[in-house]
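Visitor: Below is the file input.csv, which contains CSV, C-alpha atoms and all ligand atoms.
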chain,number,residue,atom,x,y,z
A,1,MET,CA,62.9,136.7,124.8
A,2,SER,CA,62.7,136.2,121.0
A,3,VAL,CA,63.5,132.9,119.5
A,4,PRO,CA,67.3,132.6,119.1
A,5,ALA,CA,68.6,132.1,115.6
A,6,ARG,CA,71.8,132.3,113.7
A,7,PRO,CA,72.5,135.4,111.7
A,8,PRO,CA,71.9,135.1,107.9
A,9,THR,CA,74.4,133.5,105.6
A,10,THR,CA,77.0,135.6,103.8
A,11,VAL,CA,78.0,134.2,100.5
A,12,PHE,CA,81.6,134.6,99.1
A,13,PRO,CA,82.9,134.2,95.6
A,14,VAL,CA,84.5,130.7,95.6
A,15,ALA,CA,88.2,130.9,94.9
A,16,LEU,CA,90.3,127.9,93.9
A,17,ARG,CA,93.7,128.0,95.5
A,18,GLU,CA,96.8,125.7,95.1
A,19,LEU,CA,98.5,125.2,98.5
A,20,ALA,CA,101.0,122.8,99.9
A,21,VAL,CA,101.2,120.8,103.1
A,22,ALA,CA,103.4,122.5,105.6
A,23,ARG,CA,103.2,119.9,108.4
A,24,VAL,CA,101.0,117.1,109.7
A,25,VAL,CA,100.5,116.4,113.4
A,26,GLU,CA,98.5,113.7,115.2
A,27,VAL,CA,95.8,115.5,117.3
A,28,THR,CA,94.5,112.1,118.6
A,29,ALA,CA,94.7,108.5,117.6
A,30,GLY,CA,91.8,109.2,115.3
A,31,MET,CA,92.5,112.6,113.9
A,32,ARG,CA,95.4,114.3,111.9
A,33,ARG,CA,95.8,118.0,111.6
A,34,VAL,CA,97.1,119.1,108.2
A,35,THR,CA,98.5,122.6,108.0
A,36,LEU,CA,98.3,124.1,104.5
A,37,THR,CA,100.3,127.0,103.3
A,38,GLY,CA,101.0,128.9,100.1
A,39,GLU,CA,101.1,132.3,98.4
A,40,GLN,CA,97.6,131.8,97.2
A,41,LEU,CA,96.3,132.1,100.8
A,42,GLY,CA,96.9,135.8,100.2
A,43,ALA,CA,95.4,137.9,97.4
A,44,PHE,CA,96.4,136.6,94.0
A,45,THR,CA,95.6,136.6,90.4
A,46,SER,CA,94.7,133.4,88.7
A,47,ALA,CA,96.1,132.2,85.3
A,48,ASP,CA,93.0,133.7,83.5
A,49,GLY,CA,93.8,137.1,85.0
A,50,THR,CA,91.1,137.1,87.6
A,51,PRO,CA,92.1,138.9,90.9
A,52,TRP,CA,91.1,137.0,94.1
A,53,PRO,CA,91.0,138.4,97.6
A,54,ALA,CA,93.0,136.8,100.4
A,55,PHE,CA,91.5,133.7,102.0
A,56,ALA,CA,89.1,134.5,104.9
A,57,SER,CA,87.2,132.3,107.3
A,58,PRO,CA,85.2,134.4,109.7
A,59,GLY,CA,82.8,131.7,110.9
A,60,PHE,CA,83.5,128.8,113.3
A,61,ASP,CA,81.9,126.2,111.0
A,62,ASP,CA,83.1,127.5,107.6
A,63,ASP,CA,84.2,124.7,105.4
A,64,ILE,CA,86.4,124.3,102.4
A,65,ARG,CA,86.5,121.6,99.8
A,66,LEU,CA,89.7,119.6,99.5
A,67,LEU,CA,90.2,118.3,95.9
A,68,PHE,CA,91.7,114.9,95.4
A,69,PRO,CA,93.0,113.1,92.3
A,70,TYR,CA,91.1,110.0,91.1
A,71,PRO,CA,92.7,106.8,92.4
A,72,GLY,CA,95.9,106.0,90.4
A,73,GLU,CA,96.2,109.6,89.1
A,74,SER,CA,98.4,112.4,90.3
A,75,GLU,CA,96.4,115.5,89.4
A,76,PRO,CA,92.9,116.3,90.7
A,77,VAL,CA,90.1,117.2,88.3
A,78,LEU,CA,89.5,120.8,89.2
A,79,PRO,CA,86.1,122.6,89.1
A,80,LEU,CA,85.6,125.6,86.9
A,81,ILE,CA,85.1,128.9,88.7
A,82,GLU,CA,82.9,131.4,86.8
A,83,ASP,CA,82.0,134.6,88.5
A,84,GLY,CA,82.9,133.1,91.9
A,85,ARG,CA,80.6,130.2,91.4
A,86,VAL,CA,81.6,126.6,91.0
A,87,THR,CA,80.6,124.9,87.8
A,88,PHE,CA,81.7,121.6,86.3
A,89,ALA,CA,83.1,120.9,82.9
A,90,ALA,CA,81.4,118.0,81.0
A,91,GLY,CA,83.0,114.7,81.9
A,92,ARG,CA,84.5,113.7,85.2
A,93,ARG,CA,83.5,115.6,88.3
A,94,PRO,CA,86.1,116.8,90.8
A,95,ILE,CA,86.5,114.6,93.9
A,96,ALA,CA,85.8,117.1,96.7
A,97,ARG,CA,85.5,116.6,100.4
A,98,ALA,CA,84.3,119.2,102.9
A,99,TYR,CA,86.5,120.1,105.9
A,100,THR,CA,86.1,122.7,108.5
A,101,VAL,CA,88.6,125.5,108.7
A,102,ARG,CA,89.9,124.7,112.2
A,103,ARG,CA,92.4,127.6,112.2
A,104,HIS,CA,93.4,130.3,109.8
A,105,ASP,CA,96.3,132.5,110.6
A,106,PRO,CA,96.7,135.2,108.0
A,107,ARG,CA,100.0,136.5,109.4
A,108,ALA,CA,101.6,133.0,109.3
A,109,GLY,CA,99.9,132.3,106.0
A,110,GLU,CA,98.5,129.0,107.3
A,111,LEU,CA,95.3,127.1,107.7
A,112,ASP,CA,94.6,123.9,109.5
A,113,VAL,CA,92.1,121.1,108.7
A,114,ASP,CA,91.6,118.3,111.2
A,115,ILE,CA,90.8,115.1,109.4
A,116,VAL,CA,89.1,112.1,111.0
A,117,LEU,CA,90.8,108.8,110.2
A,118,HIS,CA,87.7,106.7,109.8
A,119,GLY,CA,88.5,103.7,107.7
A,120,ASP,CA,88.4,103.7,103.9
A,121,GLY,CA,87.8,107.0,102.3
A,122,ILE,CA,89.8,109.1,99.8
A,123,ALA,CA,90.3,112.0,102.3
A,124,SER,CA,90.9,109.9,105.3
A,125,ASN,CA,93.4,107.7,103.4
A,126,TRP,CA,95.2,110.8,102.1
A,127,ALA,CA,95.5,112.2,105.7
A,128,ARG,CA,97.1,109.0,106.9
A,129,THR,CA,100.1,109.5,104.5
A,130,ALA,CA,100.1,113.2,103.7
A,131,ALA,CA,103.6,114.7,104.2
A,132,PRO,CA,105.1,118.2,104.0
A,133,GLY,CA,105.4,119.4,100.4
A,134,ALA,CA,102.3,117.5,99.1
A,135,ARG,CA,100.1,119.8,96.9
A,136,MET,CA,96.5,120.4,97.7
A,137,HIS,CA,93.9,122.4,95.8
A,138,ILE,CA,91.1,123.9,97.9
A,139,ALA,CA,87.9,125.7,97.0
A,140,GLY,CA,86.0,128.0,99.3
A,141,PRO,CA,84.7,128.8,101.8
A,142,GLY,CA,81.7,129.7,99.7
A,143,LYS,CA,79.6,131.0,102.6
A,144,THR,CA,79.8,131.9,106.3
A,145,ARG,CA,77.5,132.6,109.2
A,146,GLY,CA,78.1,134.4,112.4
A,147,LEU,CA,78.2,133.2,115.9
A,148,LEU,CA,75.1,132.0,117.7
A,149,MET,CA,73.3,134.8,119.5
A,150,GLY,CA,70.3,135.5,121.7
A,151,ALA,CA,69.9,132.2,123.6
A,152,GLU,CA,70.2,131.8,127.3
A,153,ARG,CA,71.8,128.4,126.8
A,154,LEU,CA,73.7,126.7,123.9
A,155,LEU,CA,73.7,123.0,123.2
A,156,ILE,CA,76.6,122.1,120.9
A,157,ALA,CA,76.7,118.5,119.9
A,158,GLY,CA,78.2,116.2,117.3
A,159,ASP,CA,80.5,113.3,116.4
A,160,ASP,CA,84.3,113.3,115.6
A,161,THR,CA,83.8,115.2,112.4
A,162,ALA,CA,82.2,118.1,114.3
A,163,VAL,CA,85.0,118.4,116.7
A,164,PRO,CA,87.0,120.9,114.6
A,165,ALA,CA,84.0,123.3,114.4
A,166,ILE,CA,83.1,122.7,118.1
A,167,ALA,CA,86.7,123.4,119.2
A,168,ARG,CA,86.9,126.6,117.1
A,169,LEU,CA,83.5,127.7,118.4
A,170,LEU,CA,84.5,127.2,122.0
A,171,GLU,CA,87.6,129.3,121.4
A,172,GLU,CA,85.5,132.1,119.9
A,173,LEU,CA,82.5,132.3,122.3
A,174,PRO,CA,82.2,135.2,124.7
A,175,GLU,CA,83.4,134.2,128.2
A,176,ASP,CA,79.9,134.7,129.7
A,177,THR,CA,78.3,132.0,127.4
A,178,ARG,CA,76.4,129.2,129.3
A,179,GLY,CA,75.7,125.9,127.8
A,180,GLN,CA,76.6,122.3,127.1
A,181,VAL,CA,78.8,120.5,124.6
A,182,LEU,CA,78.2,116.8,123.9
A,183,VAL,CA,80.7,114.9,121.7
A,184,ASP,CA,80.2,111.4,120.5
A,185,VAL,CA,83.6,110.0,119.5
A,186,GLY,CA,84.6,106.7,118.1
A,187,HIS,CA,87.0,105.7,120.9
A,188,GLU,CA,88.2,107.1,124.2
A,189,THR,CA,91.6,107.8,122.7
A,190,HIS,CA,89.9,110.3,120.4
A,191,VAL,CA,89.1,112.7,123.3
A,192,GLN,CA,91.0,116.0,123.1
A,193,GLY,CA,91.4,119.0,125.4
A,194,LEU,CA,89.2,121.8,124.4
A,195,ARG,CA,89.4,125.4,125.7
A,196,GLY,CA,86.2,127.4,126.2
A,197,PRO,CA,84.1,129.5,128.5
A,198,SER,CA,83.9,128.2,132.1
A,199,GLY,CA,80.1,128.2,131.9
A,200,VAL,CA,80.1,125.7,129.0
A,201,ASP,CA,80.4,122.0,130.2
A,202,VAL,CA,82.1,119.6,127.8
A,203,THR,CA,81.1,115.9,127.9
A,204,TRP,CA,82.8,113.3,125.8
A,205,LEU,CA,80.8,110.2,125.0
A,206,PRO,CA,83.2,107.5,123.6
A,207,ARG,CA,80.8,105.7,121.3
A,208,ASP,CA,78.8,103.1,123.1
A,209,PRO,CA,75.5,101.7,121.8
A,210,SER,CA,74.0,101.9,125.3
A,211,ALA,CA,74.7,105.6,125.5
A,212,PRO,CA,74.2,107.3,122.2
A,213,LEU,CA,74.2,111.0,121.6
A,214,LEU,CA,70.4,111.1,121.5
A,215,ALA,CA,70.2,109.6,125.0
A,216,ALA,CA,72.6,112.3,126.3
A,217,VAL,CA,70.5,115.0,124.6
A,218,ARG,CA,67.3,113.6,126.2
A,219,ALA,CA,69.0,113.6,129.6
A,220,ILE,CA,69.6,117.4,129.5
A,221,ASP,CA,67.9,119.5,132.2
A,222,TRP,CA,66.2,121.9,129.8
A,223,ALA,CA,64.5,123.9,132.6
A,224,ASP,CA,62.6,126.9,131.5
A,225,ARG,CA,65.2,128.6,129.3
A,226,THR,CA,65.7,129.5,125.7
A,227,TRP,CA,68.2,127.3,124.0
A,228,PHE,CA,70.0,127.3,120.6
A,229,VAL,CA,71.2,124.0,119.3
A,230,TRP,CA,74.1,123.4,116.9
A,231,LEU,CA,74.4,119.9,115.8
A,232,ALA,CA,76.6,118.1,113.2
A,233,GLY,CA,77.6,114.6,112.4
A,234,GLU,CA,76.3,111.5,110.7
A,235,GLN,CA,73.2,112.4,108.7
A,236,ALA,CA,70.7,109.9,110.2
A,237,ALA,CA,72.0,110.4,113.7
A,238,VAL,CA,71.7,114.2,113.7
A,239,GLN,CA,68.3,114.1,112.0
A,240,GLU,CA,67.0,111.8,114.7
A,241,ILE,CA,68.1,114.3,117.3
A,242,ARG,CA,66.6,117.1,115.4
A,243,ARG,CA,63.3,115.3,115.2
A,244,TYR,CA,63.4,114.8,119.0
A,245,LEU,CA,64.1,118.5,119.6
A,246,VAL,CA,61.5,119.9,117.2
A,247,ARG,CA,58.7,117.3,117.4
A,248,GLU,CA,59.0,116.0,120.9
A,249,ARG,CA,60.4,119.0,122.8
A,250,GLY,CA,58.6,121.6,120.6
A,251,MET,CA,61.7,123.7,119.9
A,252,PRO,CA,61.4,126.2,117.1
A,253,ALA,CA,63.1,124.8,114.0
A,254,SER,CA,65.0,128.0,113.6
A,255,ALA,CA,66.7,127.4,117.0
A,256,VAL,CA,68.0,124.0,115.9
A,257,ASP,CA,70.9,124.2,113.4
A,258,VAL,CA,71.6,120.7,112.1
A,259,THR,CA,74.1,119.7,109.4
A,260,GLY,CA,74.7,116.1,108.2
A,261,TYR,CA,78.5,116.0,107.8
A,262,TRP,CA,78.6,112.5,106.4
A,263,LYS,CA,76.3,109.7,105.5
A,264,ARG,CA,76.8,106.1,106.6
A,265,GLY,CA,77.5,103.9,103.6
A,266,ALA,CA,77.8,106.7,101.2
A,267,ALA,CA,80.9,108.5,99.9
A,268,HIS,CA,81.0,112.2,99.1
A,269,GLY,CA,80.3,113.6,102.6
A,270,SER,CA,80.5,117.0,101.0
A,271,ARG,CA,77.0,116.5,99.7
A,272,ALA,CA,75.5,116.2,103.1
A,273,ARG,CA,72.7,118.7,103.9
A,274,ARG,CA,72.0,121.4,106.3
A,275,SER,CA,68.5,121.7,107.6
B,301,LIG,C1,80.3,121.3,106.2
B,301,LIG,C2,81.2,120.0,106.6
B,301,LIG,C3,82.3,120.1,107.4
B,301,LIG,C4,83.0,119.0,107.7
B,301,LIG,N1,84.1,119.1,108.5
B,301,LIG,C5,84.9,118.0,108.7
B,301,LIG,C6,86.1,118.1,109.5
B,301,LIG,O1,86.5,119.2,109.9
B,301,LIG,N2,86.8,117.0,109.8
B,301,LIG,C7,86.4,115.7,109.3
B,301,LIG,O2,87.1,114.7,109.6
B,301,LIG,N3,85.3,115.6,108.6
B,301,LIG,C8,84.5,116.7,108.3
B,301,LIG,N4,83.4,116.6,107.5
B,301,LIG,C9,83.0,115.2,107.1
B,301,LIG,C10,83.8,114.7,105.9
B,301,LIG,O3,83.6,115.6,104.8
B,301,LIG,C11,83.2,113.3,105.5
B,301,LIG,O4,83.5,112.4,106.6
B,301,LIG,C12,83.8,112.7,104.2
B,301,LIG,O5,82.9,111.8,103.8
B,301,LIG,C13,85.2,112.1,104.4
B,301,LIG,O6,85.6,111.8,103.1
B,301,LIG,P1,86.4,110.4,102.8
B,301,LIG,O7,86.9,110.6,101.4
B,301,LIG,O8,87.4,110.1,103.8
B,301,LIG,O9,85.3,109.3,102.8
B,301,LIG,P2,84.1,109.0,101.7
B,301,LIG,O10,84.8,108.6,100.4
B,301,LIG,O11,83.3,110.2,101.6
B,301,LIG,O12,83.3,107.8,102.3
B,301,LIG,C14,83.8,106.5,102.3
B,301,LIG,C15,83.0,105.6,103.3
B,301,LIG,O13,83.4,106.1,104.6
B,301,LIG,C16,82.2,106.5,105.3
B,301,LIG,N5,82.6,107.6,106.2
B,301,LIG,C17,82.8,108.9,105.7
B,301,LIG,N6,83.1,109.7,106.8
B,301,LIG,C18,83.1,108.9,107.9
B,301,LIG,C19,83.4,109.1,109.2
B,301,LIG,N7,83.7,110.4,109.7
B,301,LIG,N8,83.3,108.1,110.1
B,301,LIG,C20,82.9,106.9,109.7
B,301,LIG,N9,82.7,106.6,108.4
B,301,LIG,C21,82.8,107.6,107.5
B,301,LIG,C22,81.1,106.7,104.3
B,301,LIG,O14,79.9,106.5,104.8
B,301,LIG,C23,81.5,105.8,103.2
B,301,LIG,O15,81.0,104.5,103.5
B,301,LIG,C24,82.7,117.7,107.2
B,301,LIG,C25,81.5,117.6,106.3
B,301,LIG,C26,80.8,118.8,106.0
B,301,LIG,C27,79.6,118.6,105.1
What does the file become when written as structure tokens?
Guide:
Amino acid sequence: MSVPARPPTTVFPVALRELAVARVVEVTAGMRRVTLTGEQLGAFTSADGTPWPAFASPGFDDDIRLLFPYPGESEPVLPLIEDGRVTFAAGRRPIARAYTVRRHDPRAGELDVDIVLHGDGIASNWARTAAPGARMHIAGPGKTRGLLMGAERLLIAGDDTAVPAIARLLEELPEDTRGQVLVDVGHETHVQGLRGPSGVDVTWLPRDPSAPLLAAVRAIDWADRTWFVWLAGEQAAVQEIRRYLVRERGMPASAVDVTGYWKRGAAHGSRARRS
């Protein structure tokens, strides 16, 4: 069997859309689901006369940028969009945070983002108090990739921030998929019910220094099978697991899809890298 790998990335022109909060619900004690709605989720023409297609999110880990005002201000600094690419005017940069498109329902004209309440951060703080009617500008998705293909087994792993993508992936995987999901969450009250193929085992690991995600990955019975690994979460933690898989286990780098979703001690999680 050939080495499994994700299909190539498809790039979209980035649209800037002005939406509003339709509702906010508590998914768990550590996560709020914000549903956004608005006419600009459909095809629309921006103020400069540019026509934009309707919002689309074909991939389970597509992300959008939420744009926030600077503290004490009411309007966000918006990026400039030229030929579908994001550029920045001289001066202050937009405050943007990346969030997975947990659900997009074109018929209802809604999209959901599930936001981890993690302490002190612009996005996390906003999610704590966001209420119906609040405005939110979004940009993207700017790219998408298809579902994982060609592996006998999938390992899907991450922390709380990866749960929206993992949940969506589980809902979209073919029923005959076999594999394992490992989720490292901040607290046992952050565990949520996930629906997925019966051949995919889901294990929650309420964060415990004695049983980190890496230990759970090491404990997997890899047997003599081809695996594809999707991994997202705190940058250093996921890179450590990647090193284990590629250097110690000898997995092909193309079969290990790793993205740092946030970096301990650093704001601007949206700058985290995929490798
Ligand atoms: C492609 C992509 C998709 C993502 N999808 C989601 C998603 O669906 N849901 C989601 O909740 N997050 C998601 N993230 C992560 C999110 O963008 C970051 O957690 C972001 O930093 C949160 O912004 P903030 O303004 O709340 O905190 P920031 O201002 O960025 O950071 C403030 C402080 O909080 C710390 N911090 C940031 N995030 C966390 C965290 N999760 N836990 C503990 N400490 C943290 C930082 O290290 C920093 O010290 C995604 C990131 C990427 C790159």
Visitor: Select the residues contacting ligand LIG 301 (chain B) at a distance of at most 6 Å, based on all atoms listed in the file, then format the selection as an MDAnalysis selection string.
Guide: chainID A and resid 63 97:100 114:116 118 120:124 161 164 261:270 272
Visitor: Check the smallest atom-to-atom distance from each of A:Leu205, A:Leu173, A:Leu231, A:Val163 to Gly30 (chain A) using all atoms listed in the file, then report the winner.
Guide: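 That would be A:Val163, the residue with the smallest distance to Gly30 (chain A).
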Visitor: Could you state the separation of CA of Arg33 (chain A) and CA of Val229 (chain A) in Å, given to one decimal place?
Guide: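 Distance reported for this atom pair: 26.5 Å.
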Visitor: What does the structure give for the distance between CA of Leu170 (chain A) and CA of Val113 (chain A), in Å to one decimal?
Guide: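 One can read the CA of Leu170 (chain A) to CA of Val113 (chain A) distance as 16.5 Å.
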Visitor: Measure the distance from CA of Asp159 (chain A) to CA of Arg17 (chain A) in Å and round it to one decimal.
Guide: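 Separating CA of Asp159 (chain A) from CA of Arg17 (chain A) is a distance of 28.8 Å.
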Visitor: Measuring between all atoms listed in the file, which one of A:Val185, A:Leu19, A:Ile156, A:Ala215 shows the shortest distance to Asp201 (chain A)?
Guide: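 With all atoms listed in the file as the atom set, the closest residue is A:Ile156.
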Visitor: List as a PyMOL selection string the residues having at least one atom at most 12 Å from position (103.7, 129.2, 106.3) as given in the file, counting all atoms listed in the file.
Guide: chain A and resi 19-23+35-42+104-112+132-133
Visitor: Which one is closest to Arg85 (chain A): A:Pro141, A:Gly49, A:Gly59, A:Gly119? Count all atoms listed in the file.
Guide: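 Looking only at the distances to Arg85 (chain A), the closest residue turns out to be A:Pro141.
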Visitor: How would you write as a ChimeraX atom specification the residues that get within 9 Å of (88.2, 127.4, 121.3) in the file's frame, counting all atoms listed in the file?
Guide: /A:166-173,194-197
Visitor: From the set A:Pro53, A:Pro174, A:Gly146, A:Gly179, which residue has the shortest atom-to-atom contact distance to Ala15 (chain A), counting all atoms listed in the file?
Guide: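 Going through A:Pro53, A:Pro174, A:Gly146, A:Gly179 one by one, the smallest distance to Ala15 (chain A) is for A:Pro53.
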Visitor: With only C-alpha atoms as the basis for distance, which of A:Thr10, A:Thr226, A:Thr259, A:Ser254 is at the shortest distance from Ala165 (chain A)?
Guide: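 Result for the nearest residue to Ala165 (chain A): A:Thr259.
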Visitor: Residues within 7 Å of region 180-184 of chain A, please, as a short mmCIF file (atom, residue, chain, number, x, y, z; two decimals) with C-alpha atoms, in the frame of the given file. Count all atoms listed in the file; anything in the same chain fewer than 5 positions from it doesn't count.
Guide:
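Just written: selection-v8.cif:
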data_model
loop_
_atom_site.label_atom_id
_atom_site.label_comp_id
_atom_site.auth_asym_id
_atom_site.auth_seq_id
_atom_site.Cartn_x
_atom_site.Cartn_y
_atom_site.Cartn_z
CA LEU A 154 73.70 126.70 123.90
CA LEU A 155 73.70 123.00 123.20
CA ILE A 156 76.60 122.10 120.90
CA ALA A 157 76.70 118.50 119.90
CA GLY A 158 78.20 116.20 117.30
CA ASP A 159 80.50 113.30 116.40
CA ASP A 160 84.30 113.30 115.60
CA VAL A 200 80.10 125.70 129.00
CA ASP A 201 80.40 122.00 130.20
CA VAL A 202 82.10 119.60 127.80
CA THR A 203 81.10 115.90 127.90
CA TRP A 204 82.80 113.30 125.80
CA LEU A 205 80.80 110.20 125.00
CA PRO A 206 83.20 107.50 123.60
CA ARG A 207 80.80 105.70 121.30
CA LEU A 213 74.20 111.00 121.60
#
Visitor: Name the closest residue to Gly233 (chain A) among the candidates A:Val101, A:Ala127, A:Leu78, A:Val258; distances are taken between atoms, counting only C-alpha atoms.
Guide: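 Among A:Val101, A:Ala127, A:Leu78, A:Val258, it is A:Val258 that comes nearest to Gly233 (chain A).
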Visitor: Find the residues near Gly150 (chain A): any atom within 12 Å, counting all atoms listed in the file, skip ones fewer than 5 places away on the same chain, and give them as a count of residues only.
Guide: 15
